[in-house]
>>> print(open('run-v9.cif').read())   # mmCIF, C-alpha atoms
data_start
#
loop_
_atom_site.label_atom_id
_atom_site.label_comp_id
_atom_site.auth_asym_id
_atom_site.auth_seq_id
_atom_site.Cartn_x
_atom_site.Cartn_y
_atom_site.Cartn_z
CA MET I 96 -13.39 -5.84 -1.55
CA LYS I 97 -9.87 -6.39 -0.37
CA HIS I 98 -7.52 -3.62 -1.20
CA SER I 99 -4.13 -5.19 -1.03
CA ILE I 100 -1.73 -4.70 -3.90
CA ASN I 101 -1.23 -7.94 -5.78
CA HIS I 102 1.09 -8.59 -8.70
CA SER I 103 2.17 -11.81 -10.34
CA LEU I 104 4.95 -12.10 -12.86
CA PHE I 105 6.54 -15.04 -14.62
CA PHE I 106 10.30 -15.27 -14.94
CA PRO I 107 12.16 -17.66 -17.25
CA ASN I 108 14.60 -18.35 -14.41
CA PRO I 109 14.70 -21.00 -11.69
CA PRO I 110 13.34 -20.00 -8.24
CA GLU I 111 16.90 -19.95 -6.84
CA ALA I 112 17.87 -17.19 -9.28
CA VAL I 113 14.80 -15.08 -8.47
CA TRP I 114 15.32 -15.69 -4.75
CA GLU I 115 18.85 -14.30 -5.01
CA TYR I 116 17.46 -11.02 -6.31
CA LEU I 117 14.94 -10.86 -3.48
CA THR I 118 17.37 -11.59 -0.67
CA ASN I 119 20.88 -10.55 -1.68
CA LEU I 120 21.41 -6.98 -0.50
CA GLU I 121 23.50 -5.96 -3.50
CA LEU I 122 21.19 -7.54 -6.05
CA MET I 123 18.17 -6.00 -4.30
CA GLN I 124 19.69 -2.55 -4.74
CA LEU I 125 19.84 -3.04 -8.49
CA TRP I 126 16.08 -3.09 -8.88
CA LEU I 127 14.50 -2.08 -5.58
CA MET I 128 16.15 0.39 -3.22
CA LYS I 129 19.19 0.87 -1.01
CA ASN I 130 18.77 -1.27 2.08
CA ASP I 131 20.47 -3.21 4.85
CA PHE I 132 18.52 -6.43 4.49
CA LYS I 133 19.71 -9.72 5.96
CA PRO I 134 17.89 -13.01 5.37
CA ILE I 135 17.34 -13.59 9.09
CA VAL I 136 13.90 -13.74 10.71
CA GLY I 137 13.56 -10.85 13.16
CA HIS I 138 16.18 -8.69 11.43
CA ASP I 139 15.22 -5.01 11.38
CA PHE I 140 16.21 -3.18 8.22
CA GLN I 141 15.39 -0.13 6.14
CA PHE I 142 14.84 0.82 2.55
CA ARG I 143 15.76 4.36 1.60
CA THR I 144 14.29 6.43 -1.18
CA ASN I 145 13.44 10.06 -1.84
CA PRO I 146 11.18 11.74 0.72
CA LEU I 147 7.64 12.49 -0.45
CA PRO I 148 6.43 15.45 1.58
CA GLN I 149 3.02 15.39 -0.11
CA PHE I 150 2.48 11.96 1.47
CA ASN I 151 4.08 12.81 4.83
CA PHE I 152 6.77 10.28 3.97
CA ASP I 153 10.39 10.81 5.02
CA GLY I 154 11.73 8.37 2.43
CA ILE I 155 12.63 5.62 4.88
CA VAL I 156 10.73 2.34 4.95
CA TYR I 157 11.12 0.52 8.27
CA CYS I 158 11.03 -3.24 7.87
CA LYS I 159 11.44 -6.43 9.82
CA VAL I 160 11.90 -9.89 8.36
CA LEU I 161 8.89 -11.95 9.42
CA GLU I 162 9.20 -15.20 7.51
CA ILE I 163 11.71 -16.96 5.29
CA ILE I 164 11.27 -20.22 3.42
CA PRO I 165 14.31 -20.32 1.12
CA ASN I 166 13.41 -20.17 -2.59
CA LYS I 167 9.71 -20.18 -1.75
CA LYS I 168 8.54 -17.38 0.49
CA LEU I 169 9.73 -14.12 2.03
CA VAL I 170 7.66 -11.83 4.25
CA TYR I 171 8.62 -8.51 5.78
CA SER I 172 6.81 -5.66 7.46
CA TRP I 173 6.75 -2.33 5.63
CA LYS I 174 6.13 0.74 7.76
CA GLY I 175 6.65 4.42 7.38
CA GLY I 176 5.41 7.94 7.73
CA SER I 177 6.78 11.38 8.43
CA SER I 178 9.36 9.95 10.87
CA LYS I 179 10.27 6.82 12.77
CA ASP I 180 8.06 7.95 15.63
CA ALA I 181 5.18 9.00 13.41
CA VAL I 182 4.46 5.90 11.41
CA SER I 183 1.17 6.21 9.57
CA TRP I 184 1.10 3.05 7.45
CA ASP I 185 1.95 -0.34 8.86
CA THR I 186 1.79 -2.88 6.08
CA ILE I 187 3.13 -6.29 5.03
CA VAL I 188 5.03 -7.28 1.89
CA GLU I 189 4.84 -10.93 0.97
CA TRP I 190 6.78 -12.63 -1.85
CA THR I 191 5.86 -16.11 -3.02
CA LEU I 192 7.86 -18.09 -5.58
CA THR I 193 6.33 -21.04 -7.41
CA GLU I 194 8.28 -23.21 -9.83
CA LYS I 195 6.36 -23.50 -13.08
CA ASP I 196 6.96 -24.17 -16.80
CA ASN I 197 10.77 -24.11 -16.53
CA GLY I 198 10.62 -20.84 -14.71
CA THR I 199 9.23 -19.09 -11.68
CA GLU I 200 5.94 -17.43 -10.95
CA LEU I 201 6.61 -14.58 -8.55
CA GLN I 202 3.71 -13.18 -6.60
CA LEU I 203 3.82 -9.98 -4.59
CA ILE I 204 1.12 -9.14 -2.10
CA HIS I 205 1.37 -5.81 -0.33
CA SER I 206 -1.36 -5.78 2.28
CA GLY I 207 -2.30 -4.25 5.59
CA PHE I 208 -3.98 -1.11 4.36
CA GLU I 209 -6.78 -2.63 6.45
CA ASN I 210 -7.52 0.61 8.21
CA VAL I 211 -9.49 1.51 5.16
CA GLU I 212 -11.39 -1.74 4.98
CA ASN I 213 -14.98 -1.47 3.87
CA LEU I 214 -14.79 2.24 3.31
CA PRO I 215 -16.88 3.23 0.32
CA ILE I 216 -14.14 4.59 -1.93
CA PHE I 217 -12.60 1.18 -2.31
CA TYR I 218 -15.40 -0.10 -4.44
CA GLY I 219 -13.94 2.05 -7.17
CA PHE I 220 -10.45 0.62 -6.95
CA LYS I 221 -10.80 -2.68 -8.68
CA ASP I 222 -11.06 -1.28 -12.19
CA GLY I 223 -8.05 1.00 -11.86
CA TRP I 224 -5.79 -1.80 -10.74
CA LEU I 225 -6.96 -4.10 -13.47
CA LYS I 226 -6.21 -1.41 -16.03
CA ASN I 227 -2.72 -0.95 -14.63
CA MET I 228 -2.10 -4.69 -14.68
CA HIS I 229 -3.01 -4.79 -18.36
CA LYS I 230 -0.74 -1.86 -19.02
CA ILE I 231 2.28 -3.57 -17.48
CA TYR I 232 1.43 -6.82 -19.24
CA ASN I 233 1.36 -5.04 -22.58
CA LYS I 234 4.55 -3.15 -21.85
CA LEU I 235 6.43 -6.27 -20.89
CA ASN I 236 5.20 -8.20 -23.88
CA THR I 237 6.27 -5.43 -26.22
CA ALA I 238 9.63 -5.24 -24.46
CA ALA I 239 10.13 -8.98 -24.77
CA HIS I 240 9.19 -8.75 -28.43
CA ASP I 241 11.69 -5.96 -29.00
CA THR I 242 14.55 -7.94 -27.49
CA THR I 243 13.81 -10.90 -29.75
CA ASN I 244 13.93 -8.63 -32.74
CA ALA I 245 17.14 -6.94 -31.66
CA MET V 605 -9.33 27.24 3.84
CA THR V 606 -6.37 27.42 6.17
CA GLN V 607 -6.31 23.74 7.00
CA GLN V 608 -3.51 22.08 8.83
CA THR V 609 -2.60 18.98 6.86
CA LEU V 610 -3.57 15.79 8.58
CA ASP V 611 -2.28 12.37 7.61
CA ALA V 612 -5.29 10.53 6.18
CA PHE V 613 -4.07 7.15 7.42
CA GLN V 614 -3.53 8.48 10.92
CA VAL V 615 -6.94 10.12 10.96
CA ILE V 616 -8.71 6.83 10.23
CA ALA V 617 -6.44 4.72 12.45
CA ASP V 618 -9.02 5.15 15.22
CA PRO V 619 -11.63 2.35 15.04
CA SER V 620 -14.53 4.53 16.15
CA ARG V 621 -13.77 7.01 13.38
CA ARG V 622 -13.88 4.18 10.86
CA GLN V 623 -17.16 3.11 12.41
CA ILE V 624 -18.51 6.63 11.97
CA LEU V 625 -17.48 6.64 8.31
CA LYS V 626 -19.19 3.30 7.79
CA LEU V 627 -22.40 4.61 9.32
CA LEU V 628 -22.22 7.71 7.15
CA SER V 629 -21.68 5.61 4.03
CA LYS V 630 -25.27 4.40 4.45
CA LYS V 631 -26.83 7.79 5.03
CA SER V 632 -26.08 11.23 6.41
CA LEU V 633 -26.62 11.54 10.17
CA THR V 634 -26.66 14.23 12.80
CA ILE V 635 -24.06 14.16 15.54
CA ASN V 636 -26.77 13.17 18.00
CA ALA V 637 -27.85 10.27 15.82
CA LEU V 638 -24.22 9.20 15.44
CA ALA V 639 -23.64 9.39 19.18
CA GLU V 640 -26.45 6.90 19.80
CA ASN V 641 -24.28 4.22 18.17
CA PHE V 642 -21.40 4.70 20.57
CA ASP V 643 -20.58 4.53 24.25
CA MET V 644 -18.98 7.92 24.08
CA SER V 645 -20.40 11.35 24.75
CA ARG V 646 -21.80 13.65 22.12
CA PRO V 647 -18.84 16.06 22.49
CA ALA V 648 -16.45 13.15 21.94
CA VAL V 649 -18.26 12.21 18.73
CA SER V 650 -18.25 15.85 17.73
CA LYS V 651 -14.50 16.00 18.22
CA HIS V 652 -13.95 12.98 15.96
CA ILE V 653 -16.21 14.55 13.37
CA ASN V 654 -14.28 17.81 13.46
CA ILE V 655 -10.99 16.04 12.86
CA MET V 656 -12.45 14.04 10.00
CA GLU V 657 -13.92 17.22 8.57
CA ARG V 658 -10.48 18.83 8.65
CA ALA V 659 -8.99 15.78 6.94
CA GLY V 660 -11.64 15.91 4.21
CA PHE V 661 -13.53 12.73 5.06
CA VAL V 662 -16.70 14.42 6.25
CA SER V 663 -18.60 17.61 5.54
CA ILE V 664 -21.13 19.19 7.84
CA GLN V 665 -24.29 20.81 6.59
CA GLY V 666 -26.56 22.89 8.76
CA ILE V 667 -30.19 22.13 8.10
CA GLY V 668 -32.32 24.26 10.38
CA ARG V 669 -30.91 23.89 13.84
CA GLU V 670 -29.39 20.52 13.08
CA ARG V 671 -25.97 19.71 11.76
CA HIS V 672 -25.89 16.82 9.35
CA CYS V 673 -22.69 14.91 8.68
CA LEU V 674 -22.02 13.61 5.18
CA LEU V 675 -19.16 11.68 3.63
CA LYS V 676 -16.76 13.69 1.52
CA GLN V 677 -14.50 12.32 -1.20
CA ASP V 678 -11.30 14.31 -0.56
CA GLY V 679 -10.01 12.31 2.39
CA PHE V 680 -10.61 9.04 0.61
CA ASN V 681 -8.78 10.34 -2.44
CA GLU V 682 -5.72 10.87 -0.25
CA LEU V 683 -5.77 7.21 0.76
CA GLN V 684 -6.26 6.16 -2.83
CA LYS V 685 -3.35 8.28 -4.03
CA TRP V 686 -1.04 6.63 -1.55
CA ILE V 687 -2.07 3.09 -2.41
CA ASN V 688 -1.79 3.93 -6.10
CA TYR V 689 1.69 5.26 -5.40
CA PHE V 690 2.77 1.90 -4.01
CA ASP V 691 1.00 0.04 -6.76
CA ASN V 692 2.92 1.98 -9.41
CA PHE V 693 6.08 1.72 -7.34
CA TRP V 694 5.94 -2.08 -7.34
CA GLN V 695 5.08 -2.24 -11.02
CA SER V 696 8.15 -0.24 -11.96
CA LYS V 697 10.39 -2.18 -9.57
CA LEU V 698 9.15 -5.52 -10.85
CA GLN V 699 9.76 -4.40 -14.41
CA LYS V 700 13.35 -3.64 -13.48
CA LEU V 701 13.69 -7.03 -11.84
CA GLN V 702 12.32 -8.71 -14.92
CA LEU V 703 14.83 -6.97 -17.16
CA LEU V 704 17.69 -8.03 -14.87
CA LEU V 705 16.57 -11.63 -14.77
CA ASP V 706 15.91 -11.70 -18.51
CA LYS V 707 19.51 -10.69 -19.06
CA LYS V 708 20.66 -13.35 -16.65
CA ALA V 709 18.56 -16.05 -18.35
CA GLN V 710 20.04 -15.14 -21.72
CA SER V 711 23.67 -15.06 -20.62
#
>>> encode(input="run-v9.cif", output="C-alpha cells")
Amino acid sequence: MKHSINHSLFFPNPPEAVWEYLTNLELMQLWLMKNDFKPIVGHDFQFRTNPLPQFNFDGIVYCKVLEIIPNKKLVYSWKGGSSKDAVSWDTIVEWTLTEKDNGTELQLIHSGFENVENLPIFYGFKDGWLKNMHKIYNKLNTAAHDTTNA
Amino acid sequence: MTQQTLDAFQVIADPSRRQILKLLSKKSLTINALAENFDMSRPAVSKHINIMERAGFVSIQGIGRERHCLLKQDGFNELQKWINYFDNFWQSKLQKLQLLLDKKAQS
C-alpha cells in the first residue's frame, strides 16, 4: 500500500478564498505555523513550531516552493530532522483545489515517506487512518451542527 | 539496554538496508544467507544488521552456531509514530482552516 497522508475537505468558499489562506503568509499563520512563505516557484522558506526531541526534530520545517497554479495547485517540499544538516525526512506537501457545488474541495497529499515503502508494518496502517478520517468527519459535522444551533 | 538513539528514518535511508528488511519480512535468515543476495561482503552485511538491531528493526537469535536475523516491531513503530504525528498535525490544522473559512463564508 501507499503510505502518503491524504485528506480531503470541502469548504463553502470559492477557490480564490481558500487559495488566499494557503498562500498569504499572514493568513497561513492563523491556522498553520509561522513561516516566511512567498508564492514564487523556487523560493526557500521555513515553518517553525516547537521542537520534538523524541522525534529528533528541531521544530523547523525546511521547504521550497515546487509548483504553483493559482487557485488550483500548490506544491512544496517538506524536510526536517534534528538540524538543517541532519535532515531525516524529505517529503512533499501537495494542495489541490477543485471548484465544486458552490464551494471548494481541498485535497492535501503529504507523500515521500517512500523510504518505508513495502515494509511490512505498513499493511497495518490503512485501518488507523480510516478511523481518524471518520473521527474528523464526525467532529466537523457536530461542529457545523452546533454553529447552526447557536 | 544502553542504546544510543538512532533516527529510524535515517537508518532505513540506505537502500540495501531496506532490501534486507524486505528479505527478512518473508522469513528469518542468517547473515550468510542474507549476504548471498548482495554484492557486498559478509562483514558489510553484518554491520548493516548491527545498526538495524540497535534501531530496533531486527533482532538476532543464536541457534546453535548460527545467528538468525528476524524482523522486530520497535523500529517500525518509530516510523509509524512519526507518520501518525503528521497525520494528526494536518487534521488539526485543517480543522482550524475550516473554522476560519466558515467564519469568512458567513460574514
>>> atom_distance(input="run-v9.cif", atom1="atom CA of Gln710 of chain V", atom2="atom CA of Leu201 of chain I")
18.8 Å
>>> residues_around(input="run-v9.cif", residues="Gln149 of chain I", least_positions_apart="4", cutoff="10 Å", atoms="only C-alpha atoms", output="PDB file with C-alpha atoms, in the coordinates of the input")
ATOM      1  CA  THR V 609      -2.600  18.980   6.860  1.00  0.00           C
ATOM      2  CA  ASP V 611      -2.280  12.370   7.610  1.00  0.00           C
ATOM      3  CA  GLU V 682      -5.720  10.870  -0.250  1.00  0.00           C
ATOM      4  CA  TRP V 686      -1.040   6.630  -1.550  1.00  0.00           C
TER       5      TRP V 686
END
>>> atom_distance(input="run-v9.cif", atom1="atom CA of Tyr157 of chain I", atom2="atom CA of Gln141 of chain I")
4.8 Å
>>> closest_residue(input="run-v9.cif", among="I:Pro146, I:Gly198, I:Pro165, I:Gly137", to="chain V", atoms="only C-alpha atoms")
I:Gly198
>>> residues_around(input="run-v9.cif", residues="segment 646-652 of chain V", least_positions_apart="3", cutoff="7 Å", atoms="only C-alpha atoms", output="list in words")
Arg621, Ile635, Asn636, Ala639, Ile655 and Met656 of chain V
>>> residues_around(input="run-v9.cif", residues="Ser632 of chain V", least_positions_apart="2", cutoff="9 Å", atoms="all atoms listed in the file", output="PyMOL selection string")
chain V and resi 627-630+634+672-675
>>> atom_distance(input="run-v9.cif", atom1="atom CA of Gly679 of chain V", atom2="atom CA of Leu203 of chain I")
27.1 Å
>>> residues_around(input="run-v9.cif", residues="segment 170-181 of chain I", least_positions_apart="5", cutoff="7 Å", atoms="all atoms listed in the file", output="PDB file with C-alpha atoms, in the frame of the given file")
ATOM      1  CA  ASN I 151       4.080  12.810   4.830  1.00  0.00           C
ATOM      2  CA  PHE I 152       6.770  10.280   3.970  1.00  0.00           C
ATOM      3  CA  ASP I 153      10.390  10.810   5.020  1.00  0.00           C
ATOM      4  CA  ILE I 155      12.630   5.620   4.880  1.00  0.00           C
ATOM      5  CA  VAL I 156      10.730   2.340   4.950  1.00  0.00           C
ATOM      6  CA  TYR I 157      11.120   0.520   8.270  1.00  0.00           C
ATOM      7  CA  CYS I 158      11.030  -3.240   7.870  1.00  0.00           C
ATOM      8  CA  LYS I 159      11.440  -6.430   9.820  1.00  0.00           C
ATOM      9  CA  VAL I 160      11.900  -9.890   8.360  1.00  0.00           C
ATOM     10  CA  LEU I 161       8.890 -11.950   9.420  1.00  0.00           C
ATOM     11  CA  GLU I 162       9.200 -15.200   7.510  1.00  0.00           C
ATOM     12  CA  ILE I 163      11.710 -16.960   5.290  1.00  0.00           C
ATOM     13  CA  THR I 186       1.790  -2.880   6.080  1.00  0.00           C
ATOM     14  CA  ILE I 187       3.130  -6.290   5.030  1.00  0.00           C
ATOM     15  CA  VAL I 188       5.030  -7.280   1.890  1.00  0.00           C
ATOM     16  CA  GLU I 189       4.840 -10.930   0.970  1.00  0.00           C
ATOM     17  CA  TRP I 190       6.780 -12.630  -1.850  1.00  0.00           C
TER      18      TRP I 190
END
>>> closest_residue(input="run-v9.cif", among="I:Gln124, I:Asn197, I:Ser99, I:Ser183", to="chain V", atoms="only C-alpha atoms")
I:Ser183
>>> closest_atom_pairs(input="run-v9.cif", of="chain V", to="chain I", cutoff="9 Å", atoms="only C-alpha atoms", output="Markdown table")
| residue | atom | partner | partner_atom | distance |
| --- | --- | --- | --- | --- |
| V:Asp611 | CA | I:Asn151 | CA | 7.0 |
| V:Ala612 | CA | I:Ser183 | CA | 8.5 |
| V:Phe613 | CA | I:Ser183 | CA | 5.7 |
| V:Gln614 | CA | I:Ser183 | CA | 5.4 |
| V:Ile616 | CA | I:Asn210 | CA | 6.6 |
| V:Ala617 | CA | I:Asn210 | CA | 6.0 |
| V:Asp618 | CA | I:Asn210 | CA | 8.5 |
| V:Pro619 | CA | I:Asn210 | CA | 8.2 |
| V:Arg622 | CA | I:Val211 | CA | 7.7 |
| V:Leu625 | CA | I:Leu214 | CA | 7.2 |
| V:Lys626 | CA | I:Leu214 | CA | 6.4 |
| V:Ser629 | CA | I:Pro215 | CA | 6.5 |
| V:Gln677 | CA | I:Ile216 | CA | 7.8 |
| V:Phe680 | CA | I:Ile216 | CA | 6.2 |
| V:Asn681 | CA | I:Ile216 | CA | 7.9 |
| V:Glu682 | CA | I:Phe150 | CA | 8.4 |
| V:Leu683 | CA | I:Val211 | CA | 8.1 |
| V:Gln684 | CA | I:Phe220 | CA | 8.1 |
| V:Lys685 | CA | I:Phe150 | CA | 8.8 |
| V:Trp686 | CA | I:Phe150 | CA | 7.1 |
| V:Ile687 | CA | I:Ile100 | CA | 7.9 |
| V:Asn688 | CA | I:Trp224 | CA | 8.4 |
| V:Phe690 | CA | I:Ile100 | CA | 8.0 |
| V:Asp691 | CA | I:Ile100 | CA | 6.2 |
| V:Asn692 | CA | I:Asn227 | CA | 8.2 |
| V:Trp694 | CA | I:His102 | CA | 8.2 |
| V:Gln695 | CA | I:Ile231 | CA | 7.2 |
| V:Ser696 | CA | I:Ile231 | CA | 8.7 |
| V:Lys697 | CA | I:Leu127 | CA | 5.7 |
| V:Leu698 | CA | I:Trp126 | CA | 7.6 |
| V:Gln699 | CA | I:Leu235 | CA | 7.5 |
| V:Lys700 | CA | I:Trp126 | CA | 5.4 |
| V:Leu701 | CA | I:Trp126 | CA | 5.5 |
| V:Gln702 | CA | I:Phe106 | CA | 6.9 |
| V:Leu704 | CA | I:Trp126 | CA | 7.9 |
| V:Leu705 | CA | I:Asn108 | CA | 7.0 |
| V:Asp706 | CA | I:Pro107 | CA | 7.2 |
| V:Lys708 | CA | I:Asn108 | CA | 8.2 |
| V:Ala709 | CA | I:Asn108 | CA | 6.0 |
>>> closest_residue(input="run-v9.cif", among="V:Lys707, V:Glu670, V:Val615, V:Ala637", to="Arg658 of chain V", atoms="only C-alpha atoms")
V:Val615
>>> closest_residue(input="run-v9.cif", among="I:Thr144, I:Ser206, I:Thr191, I:Asn166", to="Pro110 of chain I", atoms="only C-alpha atoms")
I:Asn166
>>> closest_residue(input="run-v9.cif", among="I:Ile135, I:Gly207, I:Ile164, I:Asn145", to="Leu192 of chain I", atoms="only C-alpha atoms")
I:Ile164
>>> decode(input="run-v9.cif", residues="segment 615-625 of chain V", atoms="all heavy atoms", output="short mmCIF file (atom, residue, chain, number, x, y, z; two decimals), in the first residue's frame")
data_model
loop_
_atom_site.label_atom_id
_atom_site.label_comp_id
_atom_site.auth_asym_id
_atom_site.auth_seq_id
_atom_site.Cartn_x
_atom_site.Cartn_y
_atom_site.Cartn_z
N VAL V 615 18.13 5.44 9.51
CA VAL V 615 18.61 4.06 9.48
C VAL V 615 18.15 3.34 8.21
O VAL V 615 18.90 2.60 7.59
CB VAL V 615 18.14 3.30 10.75
CG1 VAL V 615 18.35 1.80 10.61
CG2 VAL V 615 18.90 3.82 11.97
N ILE V 616 16.90 3.59 7.81
CA ILE V 616 16.41 2.87 6.62
C ILE V 616 16.55 3.69 5.34
O ILE V 616 16.01 3.33 4.30
CB ILE V 616 14.94 2.41 6.79
CG1 ILE V 616 14.03 3.62 7.06
CG2 ILE V 616 14.82 1.37 7.87
CD1 ILE V 616 12.63 3.38 6.57
N ALA V 617 17.31 4.79 5.40
CA ALA V 617 17.53 5.58 4.19
C ALA V 617 18.42 4.81 3.21
O ALA V 617 18.37 5.04 2.00
CB ALA V 617 18.18 6.92 4.54
N ASP V 618 19.19 3.88 3.69
CA ASP V 618 20.09 3.10 2.85
C ASP V 618 19.31 2.00 2.12
O ASP V 618 18.66 1.17 2.75
CB ASP V 618 21.16 2.47 3.76
CG ASP V 618 22.20 1.70 2.96
OD1 ASP V 618 21.82 0.78 2.20
OD2 ASP V 618 23.38 2.01 3.11
N PRO V 619 19.37 1.98 0.77
CA PRO V 619 18.56 1.02 0.01
C PRO V 619 18.88 -0.44 0.34
O PRO V 619 17.97 -1.27 0.36
CB PRO V 619 18.91 1.30 -1.45
CG PRO V 619 19.54 2.64 -1.47
CD PRO V 619 20.13 2.88 -0.11
N SER V 620 20.14 -0.76 0.62
CA SER V 620 20.42 -2.17 0.90
C SER V 620 19.85 -2.59 2.25
O SER V 620 19.45 -3.74 2.43
CB SER V 620 21.91 -2.49 0.79
OG SER V 620 22.68 -1.52 1.39
N ARG V 621 19.75 -1.65 3.18
CA ARG V 621 19.09 -1.99 4.45
C ARG V 621 17.61 -2.27 4.22
O ARG V 621 17.05 -3.19 4.81
CB ARG V 621 19.25 -0.86 5.46
CG ARG V 621 20.67 -0.77 5.95
CD ARG V 621 20.81 0.23 7.06
NE ARG V 621 22.22 0.54 7.24
CZ ARG V 621 22.68 1.68 7.73
NH1 ARG V 621 21.84 2.62 8.10
NH2 ARG V 621 23.96 1.87 7.85
N ARG V 622 16.99 -1.46 3.36
CA ARG V 622 15.57 -1.70 3.09
C ARG V 622 15.39 -3.06 2.41
O ARG V 622 14.44 -3.78 2.67
CB ARG V 622 14.99 -0.58 2.22
CG ARG V 622 14.99 0.77 2.92
CD ARG V 622 13.94 1.68 2.36
NE ARG V 622 14.18 2.03 0.96
CZ ARG V 622 15.00 2.99 0.57
NH1 ARG V 622 15.68 3.69 1.47
NH2 ARG V 622 15.16 3.26 -0.70
N GLN V 623 16.37 -3.38 1.54
CA GLN V 623 16.33 -4.67 0.87
C GLN V 623 16.44 -5.81 1.89
O GLN V 623 15.72 -6.81 1.82
CB GLN V 623 17.47 -4.73 -0.16
CG GLN V 623 17.47 -5.95 -1.06
CD GLN V 623 16.21 -6.04 -1.91
OE1 GLN V 623 15.63 -5.02 -2.27
NE2 GLN V 623 15.78 -7.26 -2.19
N ILE V 624 17.32 -5.64 2.84
CA ILE V 624 17.47 -6.65 3.90
C ILE V 624 16.16 -6.83 4.66
O ILE V 624 15.70 -7.95 4.89
CB ILE V 624 18.61 -6.25 4.89
CG1 ILE V 624 19.98 -6.36 4.20
CG2 ILE V 624 18.57 -7.11 6.15
CD1 ILE V 624 21.15 -5.82 5.02
N LEU V 625 15.52 -5.71 4.99
CA LEU V 625 14.25 -5.80 5.74
C LEU V 625 13.18 -6.51 4.92
O LEU V 625 12.40 -7.30 5.44
CB LEU V 625 13.77 -4.40 6.14
CG LEU V 625 14.63 -3.68 7.19
CD1 LEU V 625 14.12 -2.26 7.42
CD2 LEU V 625 14.65 -4.44 8.51
#
